[in-house]
Each structure stands twice: as C-alpha cells, then as structure tokens.
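Next comes run11.txt, with compact mmCIF, C-alpha atoms.
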# COMPACT_ATOMS: atom_id res chain seq x y z
CA MET G 271 1.90 -16.67 6.98
CA THR G 272 0.94 -20.22 6.11
CA LEU G 273 -2.28 -20.31 4.12
CA LEU G 274 -3.78 -23.38 2.49
CA VAL G 275 -6.84 -23.83 0.32
CA LEU G 276 -8.30 -27.23 -0.51
CA GLY G 277 -11.00 -27.26 -3.16
CA ILE G 278 -13.18 -29.03 -5.67
CA ASN G 279 -15.13 -27.16 -8.34
CA HIS G 280 -16.98 -27.44 -11.65
CA LYS G 281 -13.67 -27.67 -13.53
CA THR G 282 -12.31 -30.64 -11.57
CA ALA G 283 -15.34 -32.70 -10.56
CA SER G 284 -18.74 -33.85 -11.76
CA VAL G 285 -21.98 -32.82 -10.06
CA ALA G 286 -22.10 -36.26 -8.40
CA VAL G 287 -18.72 -35.69 -6.75
CA ARG G 288 -19.48 -32.07 -5.86
CA GLU G 289 -22.65 -33.20 -4.09
CA LYS G 290 -20.61 -35.59 -1.92
CA VAL G 291 -18.33 -32.82 -0.60
CA ALA G 292 -20.98 -30.15 -0.08
CA PHE G 293 -21.29 -28.80 3.47
CA SER G 294 -24.68 -28.51 5.11
CA GLU G 295 -24.93 -25.98 7.94
CA GLU G 296 -24.66 -28.76 10.51
CA LYS G 297 -21.63 -30.34 8.84
CA ARG G 298 -19.95 -26.95 8.44
CA GLN G 299 -20.17 -26.35 12.20
CA LEU G 300 -18.80 -29.85 12.86
CA ALA G 301 -15.96 -29.22 10.40
CA LEU G 302 -14.91 -25.95 12.07
CA GLN G 303 -14.97 -27.72 15.43
CA GLN G 304 -12.83 -30.63 14.18
CA ILE G 305 -10.33 -28.31 12.48
CA HIS G 306 -9.75 -26.57 15.82
CA GLN G 307 -9.69 -29.74 17.93
CA GLN G 308 -7.26 -31.52 15.61
CA ASP G 309 -5.05 -28.41 15.34
CA LEU G 310 -5.34 -28.42 11.57
CA ALA G 311 -5.57 -24.63 11.57
CA GLU G 312 -5.94 -21.64 13.85
CA SER G 313 -8.96 -20.58 11.80
CA ALA G 314 -10.79 -21.75 8.68
CA VAL G 315 -13.45 -20.52 6.27
CA ILE G 316 -15.59 -23.01 4.37
CA LEU G 317 -17.14 -21.96 1.05
CA SER G 318 -19.76 -24.40 -0.24
CA THR G 319 -21.88 -23.66 -3.33
CA CYS G 320 -23.43 -25.76 -6.08
CA ASN G 321 -20.29 -25.31 -8.20
CA ARG G 322 -17.52 -25.45 -5.60
CA THR G 323 -16.45 -26.49 -2.11
CA GLU G 324 -13.32 -24.81 -0.77
CA ILE G 325 -11.71 -24.67 2.66
CA TYR G 326 -9.35 -21.79 3.50
CA LEU G 327 -7.03 -22.53 6.44
CA HIS G 328 -4.41 -20.50 8.28
CA HIS G 329 -1.83 -21.93 10.71
CA ARG G 330 1.14 -19.70 11.54
CA GLN G 331 2.94 -22.42 13.52
CA ILE G 332 3.56 -24.52 10.39
CA SER G 333 7.16 -24.17 9.22
CA PRO G 334 8.10 -24.41 5.52
CA GLN G 335 9.47 -27.90 6.17
CA GLU G 336 6.11 -29.04 7.59
CA CYS G 337 3.86 -27.68 4.83
CA LYS G 338 3.70 -30.88 2.78
CA GLN G 339 2.70 -33.02 5.77
CA TRP G 340 0.18 -30.37 6.88
CA GLN G 341 -1.44 -30.43 3.46
CA THR G 342 -1.63 -34.23 3.60
CA ASN G 343 -3.23 -34.13 7.06
CA CYS G 344 -5.84 -31.61 5.89
CA THR G 345 -6.64 -33.64 2.78
CA ASN G 346 -7.06 -36.80 4.85
CA TRP G 347 -9.42 -34.95 7.19
CA PHE G 348 -11.39 -33.56 4.22
CA ALA G 349 -11.84 -37.09 2.83
CA ASN G 350 -12.80 -38.48 6.23
CA ILE G 351 -15.50 -35.92 7.07
CA HIS G 352 -17.21 -36.64 3.74
CA GLN G 353 -16.64 -40.41 4.02
CA LEU G 354 -14.60 -40.55 0.82
CA SER G 355 -11.40 -42.41 0.13
CA VAL G 356 -8.32 -40.22 -0.21
CA ASP G 357 -7.67 -41.75 -3.65
CA GLU G 358 -11.15 -40.74 -4.82
CA LEU G 359 -10.74 -37.22 -3.42
CA ASN G 360 -7.30 -36.75 -4.97
CA LYS G 361 -8.77 -37.24 -8.45
CA SER G 362 -10.65 -33.95 -8.11
CA ILE G 363 -9.01 -31.87 -5.39
CA TYR G 364 -6.74 -28.87 -5.95
CA THR G 365 -4.55 -27.13 -3.39
CA HIS G 366 -2.87 -23.73 -3.17
CA GLN G 367 -0.58 -22.30 -0.51
CA ASN G 368 0.28 -18.78 0.64
CA GLN G 369 0.45 -16.37 -2.31
CA GLN G 370 -1.31 -18.79 -4.65
CA ALA G 371 -4.04 -19.33 -2.03
CA ALA G 372 -4.60 -15.58 -1.63
CA ASN G 373 -4.63 -15.09 -5.39
CA HIS G 374 -7.14 -17.92 -5.82
CA LEU G 375 -9.51 -16.45 -3.21
CA MET G 376 -9.49 -13.06 -4.90
CA ARG G 377 -10.14 -14.57 -8.33
CA VAL G 378 -13.03 -16.59 -6.91
CA ALA G 379 -14.61 -13.58 -5.18
CA CYS G 380 -14.26 -11.46 -8.35
CA GLY G 381 -16.05 -14.10 -10.42
CA LEU G 382 -12.97 -14.90 -12.53
CA ASP G 383 -13.06 -18.59 -11.59
CA SER G 384 -16.82 -19.04 -11.98
CA LEU G 385 -18.71 -21.23 -14.43
CA ILE G 386 -20.25 -18.01 -15.75
CA LEU G 387 -17.37 -15.54 -15.94
CA GLY G 388 -17.96 -12.48 -13.79
CA GLU G 389 -21.17 -13.72 -12.15
CA PRO G 390 -21.93 -11.52 -9.13
CA GLN G 391 -23.52 -14.05 -6.75
CA ILE G 392 -20.20 -15.61 -5.72
CA LEU G 393 -19.04 -12.51 -3.82
CA GLY G 394 -22.09 -12.68 -1.58
CA GLN G 395 -21.48 -16.39 -1.03
CA VAL G 396 -17.84 -15.74 -0.03
CA LYS G 397 -18.96 -12.98 2.37
CA GLN G 398 -21.54 -15.31 3.90
CA ALA G 399 -18.95 -18.09 4.35
CA PHE G 400 -16.62 -15.70 6.16
CA GLN G 401 -19.46 -14.39 8.35
CA ILE G 402 -20.40 -17.94 9.38
CA SER G 403 -16.82 -18.63 10.46
CA GLU G 404 -16.59 -15.30 12.27
CA ASP G 405 -19.79 -16.07 14.17
CA TYR G 406 -18.59 -19.59 15.01
CA TYR G 407 -15.26 -18.46 16.47
CA GLN G 408 -16.88 -15.64 18.40
CA ALA G 409 -19.45 -18.02 19.93
CA ALA G 410 -16.69 -20.52 20.77
CA ASN G 411 -14.58 -17.75 22.32
CA ILE G 412 -11.73 -18.57 19.92
CA PRO G 413 -9.87 -15.62 18.33
CA LEU G 414 -10.28 -15.55 14.56
CA SER G 415 -6.94 -15.53 12.77
CA SER G 416 -6.01 -11.92 12.03
CA THR G 417 -4.24 -13.10 8.89
CA LEU G 418 -7.37 -14.80 7.55
CA SER G 419 -9.53 -11.84 8.55
CA ARG G 420 -7.25 -9.31 6.82
CA LEU G 421 -7.09 -11.47 3.69
CA PHE G 422 -10.88 -11.75 3.37
CA GLN G 423 -11.47 -8.06 4.07
CA LYS G 424 -8.91 -7.15 1.41
CA THR G 425 -10.59 -9.62 -0.94
CA PHE G 426 -14.00 -7.98 -0.47
CA ALA G 427 -12.51 -4.55 -1.16
CA THR G 428 -10.73 -5.86 -4.26
CA ALA G 429 -13.88 -7.51 -5.64
CA LYS G 430 -15.79 -4.26 -5.15
CA ARG G 431 -13.03 -2.37 -6.95
CA VAL G 432 -13.12 -4.84 -9.87
CA ARG G 433 -16.89 -4.34 -10.17
CA THR G 434 -16.47 -0.57 -10.08
CA GLU G 435 -13.50 -0.21 -12.45
CA THR G 436 -14.44 -2.87 -15.04
CA ASN G 437 -17.64 -3.90 -16.81
CA ILE G 438 -17.17 -7.59 -16.09
CA GLY G 439 -20.71 -8.00 -14.75
CA GLU G 440 -22.54 -5.81 -17.26
CA SER G 441 -23.15 -8.11 -20.24
CA ALA G 442 -25.66 -10.97 -20.31
CA VAL G 443 -23.87 -14.31 -20.63
CA SER G 444 -26.77 -16.71 -20.13
CA VAL G 445 -29.77 -17.12 -22.42
CA ALA G 446 -32.13 -16.45 -19.51
CA TYR G 447 -30.37 -13.22 -18.58
CA ALA G 448 -30.11 -12.21 -22.24
CA ALA G 449 -33.89 -12.56 -22.61
CA CYS G 450 -34.42 -10.23 -19.65
CA SER G 451 -31.81 -7.77 -20.94
CA LEU G 452 -33.60 -7.67 -24.28
CA ALA G 453 -36.86 -6.83 -22.51
CA ARG G 454 -35.19 -3.98 -20.63
CA GLN G 455 -33.74 -2.61 -23.88
CA ILE G 456 -37.11 -2.56 -25.67
CA PHE G 457 -39.20 -1.23 -22.78
CA GLU G 458 -38.05 1.77 -20.76
CA SER G 459 -39.25 0.19 -17.52
CA LEU G 460 -40.59 -3.22 -16.53
CA ARG G 461 -42.51 -1.87 -13.54
CA GLU G 462 -45.81 -1.37 -15.39
CA LEU G 463 -45.59 -4.50 -17.53
CA GLN G 464 -47.35 -7.85 -17.34
CA ILE G 465 -45.14 -10.76 -18.36
CA LEU G 466 -46.13 -14.27 -19.41
CA LEU G 467 -43.65 -17.09 -18.88
CA VAL G 468 -44.43 -20.36 -20.63
CA GLY G 469 -42.84 -23.35 -18.89
CA ALA G 470 -41.68 -23.97 -15.33
CA GLY G 471 -38.19 -25.41 -15.73
CA GLU G 472 -34.77 -24.14 -14.68
CA THR G 473 -34.51 -21.53 -17.44
CA ILE G 474 -37.91 -20.04 -16.63
CA GLU G 475 -36.95 -19.98 -12.95
CA LEU G 476 -33.82 -17.97 -13.78
CA VAL G 477 -35.85 -15.63 -16.00
CA SER G 478 -38.39 -15.18 -13.19
CA ARG G 479 -35.75 -14.22 -10.67
CA HIS G 480 -34.15 -11.71 -13.06
CA LEU G 481 -37.52 -10.10 -13.78
CA LEU G 482 -38.62 -9.98 -10.15
CA ARG G 483 -35.39 -8.20 -9.24
CA HIS G 484 -36.33 -5.50 -11.74
CA GLY G 485 -39.75 -4.97 -10.14
CA VAL G 486 -42.21 -6.17 -12.79
CA LYS G 487 -45.87 -5.37 -12.20
CA LYS G 488 -47.18 -8.92 -12.63
CA LEU G 489 -45.99 -12.37 -13.69
CA MET G 490 -48.10 -15.08 -15.30
CA ILE G 491 -46.80 -18.64 -15.56
CA ALA G 492 -48.36 -21.16 -17.92
CA ASN G 493 -47.26 -24.79 -17.80
CA ARG G 494 -48.53 -28.18 -18.94
CA THR G 495 -48.48 -29.42 -15.34
CA LEU G 496 -50.23 -26.90 -13.13
CA SER G 497 -48.70 -28.25 -9.91
CA ARG G 498 -45.19 -27.69 -11.29
CA ALA G 499 -46.00 -24.04 -11.95
CA GLU G 500 -47.45 -23.69 -8.44
CA GLN G 501 -44.27 -25.19 -6.96
CA LEU G 502 -42.21 -22.61 -8.86
CA VAL G 503 -44.34 -19.79 -7.43
CA GLU G 504 -43.74 -21.12 -3.90
CA LYS G 505 -40.01 -21.37 -4.62
CA LEU G 506 -39.84 -17.77 -5.85
CA ALA G 507 -41.50 -16.57 -2.62
CA SER G 508 -42.20 -13.12 -4.09
CA ASN G 509 -44.61 -10.35 -3.09
CA THR G 510 -45.19 -9.62 -6.79
CA PRO G 511 -48.54 -11.01 -8.04
CA ILE G 512 -47.98 -14.29 -9.92
CA ASP G 513 -50.92 -16.03 -11.67
CA VAL G 514 -50.74 -19.66 -12.79
CA TYR G 515 -52.40 -21.16 -15.88
CA SER G 516 -52.45 -24.48 -17.68
CA LEU G 517 -51.45 -24.60 -21.35
CA ASP G 518 -55.11 -25.16 -22.21
CA GLU G 519 -55.76 -21.65 -20.84
CA LEU G 520 -52.77 -20.07 -22.64
CA GLN G 521 -54.87 -17.61 -24.64
CA THR G 522 -56.08 -15.86 -21.46
CA PRO G 523 -52.67 -14.72 -20.15
CA LEU G 524 -51.46 -14.18 -23.73
CA ASN G 525 -54.17 -11.54 -24.16
CA GLN G 526 -52.71 -9.59 -21.19
CA ALA G 527 -48.98 -9.99 -21.77
CA ASP G 528 -46.64 -7.16 -22.81
CA ILE G 529 -43.78 -9.68 -22.88
CA VAL G 530 -43.89 -13.42 -23.54
CA ILE G 531 -40.88 -15.62 -22.79
CA SER G 532 -41.28 -19.30 -23.58
CA SER G 533 -39.07 -22.28 -22.75
CA THR G 534 -40.74 -25.69 -22.68
CA GLY G 535 -39.96 -29.15 -23.97
CA SER G 536 -43.07 -29.27 -26.12
CA PRO G 537 -42.61 -31.10 -29.47
CA THR G 538 -45.24 -28.87 -31.09
CA ILE G 539 -45.95 -25.15 -31.48
CA LEU G 540 -47.75 -23.67 -28.47
CA ILE G 541 -48.38 -20.10 -29.68
CA THR G 542 -49.73 -19.88 -33.21
CA LYS G 543 -50.10 -16.85 -35.45
CA ALA G 544 -53.87 -16.92 -34.88
CA MET G 545 -53.41 -16.87 -31.09
CA ALA G 546 -50.98 -13.94 -31.35
CA GLU G 547 -53.42 -12.00 -33.57
CA ILE G 548 -56.23 -12.49 -31.05
CA ALA G 549 -53.92 -11.27 -28.28
CA GLU G 550 -52.89 -8.17 -30.23
CA LYS G 551 -56.51 -7.26 -30.83
CA ALA G 552 -57.33 -7.78 -27.13
CA ARG G 553 -54.37 -5.55 -26.21
CA GLN G 554 -55.52 -2.85 -28.65
CA PHE G 555 -52.42 -3.44 -30.80
CA LYS G 556 -49.88 -2.33 -28.20
CA PRO G 557 -46.31 -3.58 -28.89
CA THR G 558 -45.55 -7.11 -27.70
CA LEU G 559 -42.14 -8.70 -27.22
CA MET G 560 -41.97 -12.47 -27.66
CA VAL G 561 -38.82 -14.42 -26.85
CA ASP G 562 -38.72 -18.09 -27.80
CA ILE G 563 -35.80 -19.88 -26.14
CA ALA G 564 -37.18 -23.39 -26.64
CA VAL G 565 -35.79 -26.10 -28.91
CA PRO G 566 -37.92 -27.14 -30.74
CA ARG G 567 -39.66 -23.78 -30.96
CA ASP G 568 -42.74 -22.93 -28.89
CA ILE G 569 -43.80 -19.90 -30.97
CA ASP G 570 -44.61 -20.14 -34.66
CA PRO G 571 -41.95 -18.11 -36.57
CA VAL G 572 -44.66 -16.46 -38.73
CA VAL G 573 -45.83 -14.60 -35.62
CA ALA G 574 -43.01 -12.18 -36.49
CA ASP G 575 -45.11 -11.04 -39.49
CA ILE G 576 -47.72 -9.49 -37.20
CA GLU G 577 -47.35 -5.73 -36.92
CA GLY G 578 -46.42 -4.67 -33.40
CA VAL G 579 -45.04 -8.12 -32.42
CA TYR G 580 -41.27 -8.44 -32.00
CA LEU G 581 -40.16 -12.09 -31.99
CA PHE G 582 -36.66 -13.28 -31.09
CA ASN G 583 -35.53 -16.90 -31.04
CA ILE G 584 -32.72 -18.70 -29.24
CA ASP G 585 -30.28 -18.29 -32.15
CA ALA G 586 -30.52 -14.49 -31.88
CA LEU G 587 -29.99 -14.62 -28.11
CA GLU G 588 -27.09 -17.06 -28.30
CA SER G 589 -25.23 -14.79 -30.71
CA VAL G 590 -25.67 -11.95 -28.18
CA VAL G 591 -24.48 -14.23 -25.37
CA GLU G 592 -21.37 -15.26 -27.31
CA GLU G 593 -20.49 -11.65 -28.08
CA ASN G 594 -21.00 -10.73 -24.44
CA LYS G 595 -18.80 -13.60 -23.27
CA GLN G 596 -15.96 -12.17 -25.35
CA GLN G 597 -16.59 -8.74 -23.80
CA ARG G 598 -16.42 -10.25 -20.31
CA GLU G 599 -13.17 -12.01 -21.14
CA GLU G 600 -11.69 -8.65 -22.12
CA GLU G 601 -12.96 -7.10 -18.89
CA ALA G 602 -11.46 -10.03 -16.94
CA LYS G 603 -8.05 -9.10 -18.35
CA ARG G 604 -8.56 -5.60 -16.95
CA ALA G 605 -9.33 -7.11 -13.54
CA GLU G 606 -6.06 -9.05 -13.31
CA PRO G 607 -3.77 -6.02 -12.57
CA ILE G 608 -6.18 -4.92 -9.81
CA ILE G 609 -5.90 -8.36 -8.20
CA HIS G 610 -2.11 -8.43 -8.58
CA GLU G 611 -1.85 -5.01 -6.91
CA ALA G 612 -4.00 -6.22 -4.01
CA ILE G 613 -1.92 -9.40 -3.65
CA ASP G 614 1.28 -7.35 -3.45
CA GLU G 615 -0.23 -5.21 -0.69
CA VAL G 616 -1.40 -8.29 1.22
CA LEU G 617 1.96 -10.03 0.94
CA GLU G 618 3.85 -6.93 2.07
CA LYS G 619 1.62 -6.67 5.14
CA PHE G 620 1.76 -10.40 5.90
CA SER G 621 5.51 -10.56 5.41
CA TYR G 622 5.99 -8.01 8.18
CA LEU G 623 3.45 -9.75 10.40
CA SER G 624 5.16 -13.12 9.92
CA VAL G 625 8.51 -11.89 11.33
CA ARG G 626 7.03 -9.62 14.00
CA PRO G 627 6.88 -12.40 16.64
CA MET G 628 10.56 -13.18 16.06
CA MET G 629 11.47 -9.49 16.29
CA ALA G 630 9.40 -9.14 19.47
CA LEU G 631 11.10 -12.15 21.10
CA LEU G 632 14.57 -10.79 20.43
CA THR G 633 13.71 -7.23 21.41
CA ASP G 634 12.08 -8.36 24.64
CA LYS G 635 15.04 -10.50 25.68
CA ALA G 636 17.54 -7.74 24.83
CA ASP G 637 15.57 -5.23 26.90
CA ARG G 638 15.35 -7.59 29.88
CA ILE G 639 19.12 -8.07 29.80
CA ARG G 640 19.60 -4.29 29.50
CA ARG G 641 17.37 -3.59 32.51
CA ARG G 642 19.03 -6.30 34.61
CA GLU G 643 22.56 -5.01 33.91
CA LEU G 644 21.47 -1.40 34.33
CA HIS G 645 20.08 -2.24 37.78
CA ARG G 646 23.36 -3.89 38.78
CA ALA G 647 25.44 -0.96 37.54
CA LEU G 648 23.31 1.67 39.28
CA ALA G 649 23.47 -0.33 42.53
CA LYS G 650 27.26 0.23 42.51
CA LEU G 651 26.79 3.99 41.96
CA PRO G 652 24.57 5.08 44.87
CA ASN G 653 25.63 8.72 44.85
CA ILE G 654 24.90 9.68 41.23
CA SER G 655 22.18 12.23 40.48
CA ASP G 656 18.83 11.56 38.82
CA LYS G 657 20.09 13.30 35.69
CA GLU G 658 23.08 10.99 35.53
CA ARG G 659 20.81 7.96 36.01
CA ARG G 660 18.66 9.12 33.07
CA ILE G 661 21.76 9.57 30.89
CA ILE G 662 22.97 6.04 31.68
CA ASP G 663 19.48 4.61 31.08
CA SER G 664 19.20 6.42 27.72
CA MET G 665 22.67 5.23 26.70
CA SER G 666 21.78 1.59 27.47
CA ARG G 667 18.59 1.85 25.38
CA MET G 668 20.55 3.34 22.48
CA ILE G 669 23.14 0.54 22.60
CA VAL G 670 20.41 -2.13 22.43
CA ARG G 671 18.60 -0.32 19.61
CA LYS G 672 21.77 0.01 17.52
CA MET G 673 22.79 -3.59 18.19
CA LEU G 674 19.39 -4.86 16.98
CA ARG G 675 19.07 -2.53 13.98
CA GLU G 676 20.87 -4.77 11.47
CA PRO G 677 19.11 -8.00 12.53
CA MET G 678 15.72 -6.22 12.29
CA ILE G 679 16.48 -4.98 8.78
CA HIS G 680 17.47 -8.49 7.77
CA PHE G 681 14.32 -9.98 9.31
CA ASN G 682 12.21 -7.76 7.08
CA GLU G 683 14.26 -8.77 4.04
CA ILE G 684 13.74 -12.51 4.58
CA ALA G 685 10.07 -12.18 5.57
CA GLY G 686 7.88 -14.43 3.47
CA THR G 687 10.82 -16.31 1.92
CA GLN G 688 11.96 -19.89 2.45
CA GLU G 689 14.80 -18.55 4.63
CA GLU G 690 12.34 -17.30 7.23
CA GLY G 691 11.84 -20.73 8.83
CA LEU G 692 15.61 -21.30 9.00
CA TYR G 693 16.16 -17.97 10.72
CA TRP G 694 13.44 -18.76 13.24
CA ASP G 695 15.26 -21.91 14.29
CA LEU G 696 18.68 -20.22 14.20
CA PHE G 697 17.72 -17.30 16.44
CA LYS G 698 15.74 -19.43 18.88
CA ASP G 699 18.84 -21.58 19.42
CA MET G 700 21.37 -18.75 19.31
CA PHE G 701 19.59 -16.55 21.84
CA ASN G 702 18.01 -19.36 23.88
CA LEU G 703 14.67 -17.63 23.42
CA GLU G 704 12.22 -20.43 24.23
CA LYS G 705 14.13 -21.49 27.40
CA GLU G 706 13.91 -17.92 28.64
CA GLY G 707 10.12 -18.01 28.27
CA SER G 708 10.17 -15.14 25.82
Could you quickly redo this structure as structure tokens?
Amino acid sequence: MTLLVLGINHKTASVAVREKVAFSEEKRQLALQQIHQQDLAESAVILSTCNRTEIYLHHRQISPQECKQWQTNCTNWFANIHQLSVDELNKSIYTHQNQQAANHLMRVACGLDSLILGEPQILGQVKQAFQISEDYYQAANIPLSSTLSRLFQKTFATAKRVRTETNIGESAVSVAYAACSLARQIFESLRELQILLVGAGETIELVSRHLLRHGVKKLMIANRTLSRAEQLVEKLASNTPIDVYSLDELQTPLNQADIVISSTGSPTILITKAMAEIAEKARQFKPTLMVDIAVPRDIDPVVADIEGVYLFNIDALESVVEENKQQREEEAKRAEPIIHEAIDEVLEKFSYLSVRPMMALLTDKADRIRRRELHRALAKLPNISDKERRIIDSMSRMIVRKMLREPMIHFNEIAGTQEEGLYWDLFKDMFNLEKEGS
C-alpha cells in the first residue's frame, strides 16, 4: 500500500489559516475530480472541520523511490487549489505515510487528536467525509480504492470499540457540558423541567444543544439584544418550545425556571437575591439550580443563602472540568493498545494485498507456460488414455506449484517492507512479465 495524509489542524495553524484551507461542498467535489484527473491518487477522502482539514490519498502504483516526489506533487496541488503559496502552506502542514497515516486516521476518529480529548463528534465527521467520497466515485463510475475502503471501515470499528471499552467520552471537559452534567446529576430527568438560559453567545449555544439532546420540556432564552436571542433560536432549529425575553423581562422567565444557566458579558449583576426570592415564592419553593459561568458574575453570590437554591459558579465547574480532563487522559492511554492492535491487523492484511498482484503475475505466466508445453507434449502422444492425460496434467501442475512455493513464501515475508519495490522491479525484468502482457 501507499497511503498519504496531508493535514492542517488546531495544533499547527491559526483559525485564519484553517479558514483558508477549508473545503466547501463545491470545492470538495472539484478536489476529488482534480485528484483523479492529475493521477495524484486512485482514491481520496477529504475531512474538513472547523479544527482540521485532512486529505487521505491512496495510490498503489507509487514505488518507495517515488514517495517523496509524490508527496511534493500532492502538497503543491493542495496549495494551488486553495490559492496559497507552498511556502505558506509548509509552515502549517503535516504529512504521514502508510502505517503512520493509518495510525493518524484512527487516532483522529477516536477523538485522541481533537482539541477536546475524546470528543464524539469527530467520528461522525470522518464517516460523513468517507460517505461523500464513496458517493462521488460511484457517481463518476470510478472504483473506490479497496485499500482506502478497508482502512476506513476498520477505523470505524476501532473507534466504536474504543467508545465501548473505555470511558473516554463520559466526563465533561468543557464548562458548557459540565453545567449540563451538573443539571443531570441534581435532577433525575430533564424532560419535565423548564430551563432559563441568560445570554446568547457561543457558550449558551453549546449549553442549549446539550440540553435539547436530553429532551428538556422547555427552554427560555433571555438576552440584552432580543434579535440575537431570536437568531440563536433559528440556529438551534428545534421542535422543543423556546421562548425569548429581553433582560428587562428577566423576572418573568426566572419565576418559571427549574434551572438557570447564565453566561453574559454584563459588567453588573443580573440576578439579585431579591429577584431569586421572588422566583422561589412564585415556584412555591421548589428546588432551583443556578449555574453562573460568567466572568464577571451574573448572579449575586448571596443567592446561595436562599433555602432551596443551589448556586454554582465557574470556579466550581472548572475544577470539575480539570479533574475530568485527567480522567480522559487516563482513558486515552487505555485506547492506545486497541488502536495498535487494529493497526497490526490492517498492516497484515495490506501487506498481503500489496504483493498479491506480483504473485498473480508470476503464477499466471507459469501456468500459461505449463499449459503450452503440456499441449505440445500431449500432441506427440496421441495414443495415451484419458487417465494418463490426467496424470500428466496433474504432474505438470504439481511441478509449477512446487517451483513457485519458495518465491511465494518470500513475497509474503517482504510485503510492506522497503524491499518490496526492489523485488517488483527484479521479477518484472527476470520473468519478462510486462512484455508478456501479464
């Protein structure tokens, strides 16, 4: 196999650079077309997310001696399609070949290379990238590389196994997720709860999505700019009822809320002790969870003195997040042996596949010679019986099989090594394989 991955991610490039190399749907289709037309690869898969752009390519006709030039050609194409200079691209790009490329893909799909360790969304994004390529090649009537297909299918199975056998995705490692996890710990179910979110920024959007996935009864969003809150509701595109309020109306949703999560940029307190007391009375003193993840704080700390109100601030959540990050790092260590085992299985399979064409060429030529000579011999023996013909035919097959046994064993031994390319050239010349049309 000859696999190559070219990539840029959050570790190697700024957001400004990552934006330049992102693939829209239209550009992705153009890229797959150019890769085929320019013979850069038999097949390719393009992964493009907010944190990374990676191109996985497979080209079995590239010999070990040609790999460096192939990588250069692919890098030049990558720069050209995004209208970047090669020098600018080389400051951020990373490349991996063969085993390292397969290992990198599996780590990416398992969330081990993500900005948030173990985040689950990346697996879906990798699956989607592969599906887009599969659809493209099918529509173009171009066979998708079996090597690339096997690698991605094995990757999906490995990522699922990592999720099943480790707890890498269990702990909250973002403040937004931690706030939602806290709510789920305090209340048995979120399905009958009404939740007030104060603010309409990125953190509140993340909180909203987490809560909606857990089937909350109703969301209320209060924000200084009403239009911003309305835009967030449109962006969420949920069937769950979502009411919008201005901060001047904050007391109204506060009186209904079982949970309050606040994250604004306000320089002053938004929820006072008096407001919280009014809300508790309106709610007939049912328990209320308040989570303040704003800096400076949105909720007056003395609200915690009210009976039935449980107030947590960002410091409490960040300590949970830090502890959970350490837990995920431990779980990531448990994932590594699973990935290594999968890589070994992939390499063993690909090693055999890489020498199979060479074995087929030699076997085919040997059998054609055997049949030609057998025909000549039998033509000189017109009076032999059918049984004798079968014995001679069987003997000729056995001679060929025994003659090829040692070369076949050796082919398997050198599969996947640097010697493989040398043996290709040696046997093609020695047995005149290409001239025979084999």
message: Show me, as a list in words, the residues that have an atom within 8 Å of Asn373 (chain G) when counting all atoms listed in the file, minus same-chain residues fewer than 6 positions from it.
response: Ile609, His610 and Ile613 of chain G
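Compared by their closest atoms to Ile465 (chain G), and using only C-alpha atoms, the residues G:Asp528, G:Glu404, G:Glu658, G:Glu592 rank with G:Asp528 nearest.
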- request: Just the residues within 9 Å of Gly439 (chain G), please, counting all atoms listed in the file, with nothing from its chain fewer than 4 positions along; format it as a list in words.
  value: Gly381, Leu387, Gly388, Glu389, Pro390, Arg433, Arg598 and Glu601 of chain G
query: Which polymer residues have any atom within 12 Å of an atom of region 418-424 of chain G, counting all atoms listed in the file, with same-chain residues fewer than 2 positions away left out, as a PyMOL selection string?
result: chain G and resi 271-275+311-315+325-330+368-369+371-376+378-380+393+396-401+403-404+407+413-416+426-431+608-609+611-620+623
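Atom pair CA of Asp568 (chain G) / CA of Asp518 (chain G): separated by 14.2 Å.
Nearest-residue note for Glu606 (chain G): choosing from G:Thr436, G:Ser664, G:Gln455, G:Ser384, the minimum distance belongs to G:Thr436, counting all atoms listed in the file.
Nearest residue to Gln339 (chain G), choosing from G:Leu310, G:Ala492, G:Ile316, G:Leu460 and counting all atoms listed in the file: G:Leu310.
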- request: For each of G:Asp637, G:Glu593, G:Glu289, G:Glu472, take the minimum atom-to-atom distance to Ile669 (chain G), counting all atoms listed in the file, then give the residue where this is smallest.
  value: G:Asp637
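Counting from CA of Leu540 (chain G), the distance to CA of Asp570 (chain G) is 7.8 Å.
Pairwise distance (CA of Cys344 (chain G), CA of Ser294 (chain G)) equals 19.1 Å.
For the residues G:Leu276, G:Leu317, G:Leu517, G:Ile662, ranking by smallest atom-to-atom distance to Phe293 (chain G) using all atoms listed in the file places G:Leu317 first.
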All file atoms of region 634-642 of chain G boxed axis-aligned, 3 Å per side, centre plus edges, as lines of an AutoDock Vina configuration file:
center_x = 15.8
center_y = -7.0
center_z = 29.6
size_x = 13.5
size_y = 12.9
size_z = 16.0
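Counting all atoms listed in the file and comparing G:Ile576, G:Met490, G:Val503, G:Val291, the residue that lies closest to Asn525 (chain G) is G:Met490.
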